[in-house]
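**Q** As input, take final-v3.txt (compact mmCIF, C-alpha atoms):
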# COMPACT_ATOMS: atom_id res chain seq x y z
CA MET A 423 12.54 -34.53 -29.51
CA ASN A 424 15.95 -36.05 -28.96
CA SER A 425 17.32 -36.82 -25.52
CA ARG A 426 19.60 -33.78 -25.48
CA SER A 427 16.68 -31.40 -26.22
CA GLY A 428 14.60 -33.11 -23.55
CA LEU A 429 17.42 -32.73 -21.05
CA ILE A 430 17.79 -29.02 -21.83
CA LEU A 431 14.03 -28.48 -21.55
CA SER A 432 13.93 -30.34 -18.24
CA GLY A 433 16.79 -28.26 -16.89
CA ALA A 434 15.12 -25.03 -17.97
CA LEU A 435 11.88 -26.05 -16.26
CA LEU A 436 13.74 -26.93 -13.07
CA LEU A 437 15.25 -23.46 -13.03
CA ALA A 438 12.02 -21.65 -13.97
CA VAL A 439 9.64 -23.23 -11.47
CA PRO A 440 11.43 -22.04 -8.32
CA SER A 441 11.81 -18.54 -9.71
CA LEU A 442 8.11 -18.38 -10.63
CA ALA A 443 7.14 -19.65 -7.21
CA GLY A 444 9.11 -16.83 -5.65
CA CYS A 445 7.03 -14.24 -7.50
CA SER A 446 4.12 -14.62 -5.12
CA ILE A 447 6.40 -14.60 -2.08
CA ALA A 448 8.46 -11.60 -3.16
CA ASP A 449 5.53 -9.33 -4.01
CA PRO A 450 7.12 -5.85 -4.16
CA GLN A 451 3.82 -4.27 -3.12
CA ARG A 452 3.88 -6.31 0.08
CA ALA A 453 7.41 -5.17 0.90
CA LEU A 454 6.54 -1.47 1.15
CA THR A 455 6.29 -0.42 4.77
CA LEU A 456 4.43 2.60 6.01
CA GLN A 457 7.63 3.81 7.63
CA GLU A 458 9.20 3.99 4.16
CA LEU A 459 6.10 5.54 2.60
CA VAL A 460 5.46 8.32 5.10
CA ASN A 461 9.14 9.20 5.50
CA SER A 462 10.03 9.19 1.80
CA ASP A 463 10.87 12.33 -0.10
CA SER A 464 7.76 13.35 -1.99
CA GLN A 465 8.11 13.52 -5.76
CA GLY A 466 6.13 16.77 -5.88
CA SER A 467 6.87 20.12 -4.35
CA VAL A 468 4.56 19.46 -1.39
CA ASP A 469 5.16 16.85 1.31
CA VAL A 470 1.96 14.77 1.27
CA THR A 471 2.66 12.82 4.46
CA THR A 472 3.21 15.60 6.97
CA GLN A 473 3.87 15.02 10.66
CA PRO A 474 4.02 11.21 10.51
CA GLU A 475 3.65 9.43 13.84
CA GLU A 476 3.98 5.68 14.22
CA ASN A 477 1.05 4.32 16.25
CA THR A 478 1.02 0.60 15.44
CA GLU A 479 0.74 -0.60 19.01
CA ILE A 480 -2.44 1.40 19.61
CA ALA A 481 -4.08 1.39 16.15
CA CYS A 482 -3.43 -2.24 15.23
CA ALA A 483 -5.47 -3.59 18.10
CA THR A 484 -7.24 -6.90 17.67
CA SER A 485 -10.28 -5.33 15.98
CA VAL A 486 -8.22 -3.73 13.21
CA ASP A 487 -5.66 -6.55 12.89
CA CYS A 488 -3.11 -4.54 10.91
CA VAL A 489 0.66 -5.02 10.95
CA GLU A 490 1.67 -1.35 10.90
CA SER A 491 -0.02 2.01 11.36
CA TYR A 492 0.94 5.67 11.04
CA SER A 493 -0.99 8.86 11.51
CA THR A 494 -0.25 11.93 9.39
CA THR A 495 -1.96 15.27 8.97
CA GLU A 496 -3.62 13.93 5.81
CA ALA A 497 -4.76 10.43 6.87
CA ASN A 498 -4.40 7.47 9.16
CA TYR A 499 -2.50 4.74 7.31
CA PHE A 500 -2.90 1.02 8.00
CA ARG A 501 -0.82 -1.76 6.43
CA PHE A 502 -2.20 -5.31 6.40
CA GLU A 503 -0.75 -8.78 5.92
CA SER A 504 -2.91 -9.41 2.84
CA LYS A 505 -4.66 -7.43 0.13
CA ASP A 506 -7.92 -9.16 1.04
CA ARG A 507 -7.70 -8.03 4.66
CA ALA A 508 -6.87 -4.47 3.54
CA LYS A 509 -9.91 -4.46 1.24
CA GLU A 510 -12.15 -5.81 4.02
CA PHE A 511 -11.06 -3.07 6.38
CA GLY A 512 -11.19 -0.38 3.69
CA ASP A 513 -14.77 -1.37 2.85
CA THR A 514 -15.80 -0.54 6.43
CA LEU A 515 -14.63 3.07 6.14
CA GLN A 516 -16.89 5.91 5.07
CA ASP A 517 -13.98 8.08 3.96
CA GLY A 518 -11.02 5.95 2.91
CA PHE A 519 -8.81 4.72 0.10
CA THR A 520 -7.36 1.23 -0.32
CA MET A 521 -4.29 0.41 -2.40
CA ASN A 522 -2.91 -3.12 -2.27
CA TYR A 523 -1.88 -3.76 1.37
CA ILE A 524 -2.43 -0.20 2.58
CA VAL A 525 -5.58 1.62 3.65
CA MET A 526 -5.87 5.36 4.17
CA ASP A 527 -8.59 6.61 6.53
CA PHE A 528 -9.41 10.32 6.25
CA ALA A 529 -11.97 10.48 9.09
CA GLY A 530 -11.19 13.24 11.55
CA LYS A 531 -8.39 14.73 9.46
CA ASP A 532 -8.57 18.40 8.58
CA ALA A 533 -5.99 18.55 5.82
CA SER A 534 -7.19 20.17 2.63
CA VAL A 535 -9.05 18.05 0.11
CA GLU A 536 -6.26 18.79 -2.35
CA HIS A 537 -3.54 17.51 0.01
CA GLN A 538 -5.52 14.35 0.74
CA LEU A 539 -5.89 13.74 -3.00
CA TRP A 540 -2.14 14.24 -3.42
CA ALA A 541 -1.53 11.71 -0.63
CA MET A 542 -3.71 9.15 -2.43
CA GLN A 543 -1.91 9.84 -5.69
CA GLU A 544 1.47 9.45 -3.97
CA LEU A 545 0.47 6.04 -2.59
CA ALA A 546 -1.03 4.91 -5.90
CA GLY A 547 2.02 6.12 -7.82
CA THR A 548 4.37 4.03 -5.70
CA TRP A 549 3.96 1.05 -8.06
CA ASN A 550 2.79 2.84 -11.21
CA ASP A 551 0.10 0.20 -11.72
CA TYR A 552 -3.02 1.90 -10.35
CA GLU A 553 -5.91 2.00 -12.75
CA GLY A 554 -8.96 3.69 -11.34
CA ASP A 555 -10.43 6.83 -9.95
CA PHE A 556 -9.77 8.44 -6.63
CA PRO A 557 -12.63 8.95 -4.20
CA ASP A 558 -14.33 12.32 -4.51
CA ARG A 559 -12.85 14.40 -1.69
CA ARG A 560 -15.46 17.19 -1.70
Could you express the structure from this file as structure tokens?
**A**
Amino acid sequence: MNSRSGLILSGALLLAVPSLAGCSIADPQRALTLQELVNSDSQGSVDVTTQPEENTEIACATSVDCVESYSTTEANYFRFESKDRAKEFGDTLQDGFTMNYIVMDFAGKDASVEHQLWAMQELAGTWNDYEGDFPDRR
């Protein structure tokens, strides 16, 4: 390799490393807030996040340790700082669904099984990268 090729390669690496490092910081899944999710226009004909109420101050108490929380007719939503923390919390629920940084808790909700499934599908479809089944809602 001649010195000019080496210089070009070095310059390319200097530009690439910072942009790759930013990938973990600028995780688009982390950027989605519950406020955006529950107040967005549903892609289907039915609104799957009906009657959203922000309740972060109450729901994200020390024991839950979430960063944002909303209650809707279909589920209680919790957003966490990390995917690991979301999974840990989701694993404690008997009737829940975890997707990246967000956990849905269906306990105590009387929305139809179909509407709860649609709410899970709406959350999972936000990034178009979900590969898996949805919990049986029956």
**Q** Which is closest to Pro474 of chain A among A:Asp487, A:Glu458, A:Asp527, A:Asp532, if we use all atoms listed in the file?
**A** A:Glu458
**Q** So which residues are close to (5.0, 7.0, 15.1), meaning at most 12 Å away in the file's coordinates with all atoms listed in the file counted, and can you show them as a list in words?
**A**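 Counting all atoms listed in the file, I find these residues within 12 Å of (5.0, 7.0, 15.1): Leu456, Gln457, Val460, Asn461, Thr472, Gln473, Pro474, Glu475, Glu476, Asn477, Thr478, Glu479, Ile480, Ala481, Glu490, Ser491, Tyr492, Ser493, Thr494, Asn498 and Tyr499 of chain A.
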**Q** Keeping C-alpha atoms for every residue in the selection just given, could you write it to a file as a CSV table (one decimal), in the frame of the given file?
**A**
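To be explicit, this is the file written out as result-v2.csv:
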chain,number,residue,atom,x,y,z
A,456,LEU,CA,4.4,2.6,6.0
A,457,GLN,CA,7.6,3.8,7.6
A,460,VAL,CA,5.5,8.3,5.1
A,461,ASN,CA,9.1,9.2,5.5
A,472,THR,CA,3.2,15.6,7.0
A,473,GLN,CA,3.9,15.0,10.7
A,474,PRO,CA,4.0,11.2,10.5
A,475,GLU,CA,3.6,9.4,13.8
A,476,GLU,CA,4.0,5.7,14.2
A,477,ASN,CA,1.0,4.3,16.2
A,478,THR,CA,1.0,0.6,15.4
A,479,GLU,CA,0.7,-0.6,19.0
A,480,ILE,CA,-2.4,1.4,19.6
A,481,ALA,CA,-4.1,1.4,16.2
A,490,GLU,CA,1.7,-1.4,10.9
A,491,SER,CA,0.0,2.0,11.4
A,492,TYR,CA,0.9,5.7,11.0
A,493,SER,CA,-1.0,8.9,11.5
A,494,THR,CA,-0.2,11.9,9.4
A,498,ASN,CA,-4.4,7.5,9.2
A,499,TYR,CA,-2.5,4.7,7.3
**Q** When you count only C-alpha atoms, which of these residues is closest to Met521 of chain A: A:Arg501, A:Asp449, A:Thr455, A:Glu536?
**A**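 The shortest atom-to-atom distance to Met521 of chain A comes from A:Arg501.
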**Q** The residues within 12 Å of (-10.6, 1.7, 3.0), using all atoms listed in the file and the coordinates of the file, should be reported as a ChimeraX atom specification; which are they?
**A** /A:486,497-502,505-529,542,556-557
**Q** Suppose you want the space between atom CA of Ser462 of chain A and atom CA of Leu545 of chain A; what is it in Å?
**A**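 Calculated distance between atom CA of Ser462 of chain A and atom CA of Leu545 of chain A is 11.0 Å.
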**Q** Grab the atom CA of Gly530 of chain A to atom CA of Val470 of chain A distance for me, in Å with one decimal place.
**A**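 If I compute the distance from atom CA of Gly530 of chain A to atom CA of Val470 of chain A, I get 16.8 Å.
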**Q** Calculate how many Å separate atom CA of Ser485 of chain A from atom CA of Ala453 of chain A, rounding to one decimal.
**A**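 Between atom CA of Ser485 of chain A and atom CA of Ala453 of chain A the gap works out to 23.2 Å.
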**Q** When you count only C-alpha atoms, which of these residues is closest to Leu454 of chain A: A:Val489, A:Lys531, A:Asp469, A:Leu539?
**A**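 Among the listed residues, A:Val489 lies closest to Leu454 of chain A.
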**Q** Compare A:Ala483, A:Cys488, A:Ala546, A:Leu459 by their minimum atom-to-atom distance to Thr471 of chain A, counting only C-alpha atoms, and give me the closest one.
**A**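 Selected residue with least distance to Thr471 of chain A: A:Leu459.
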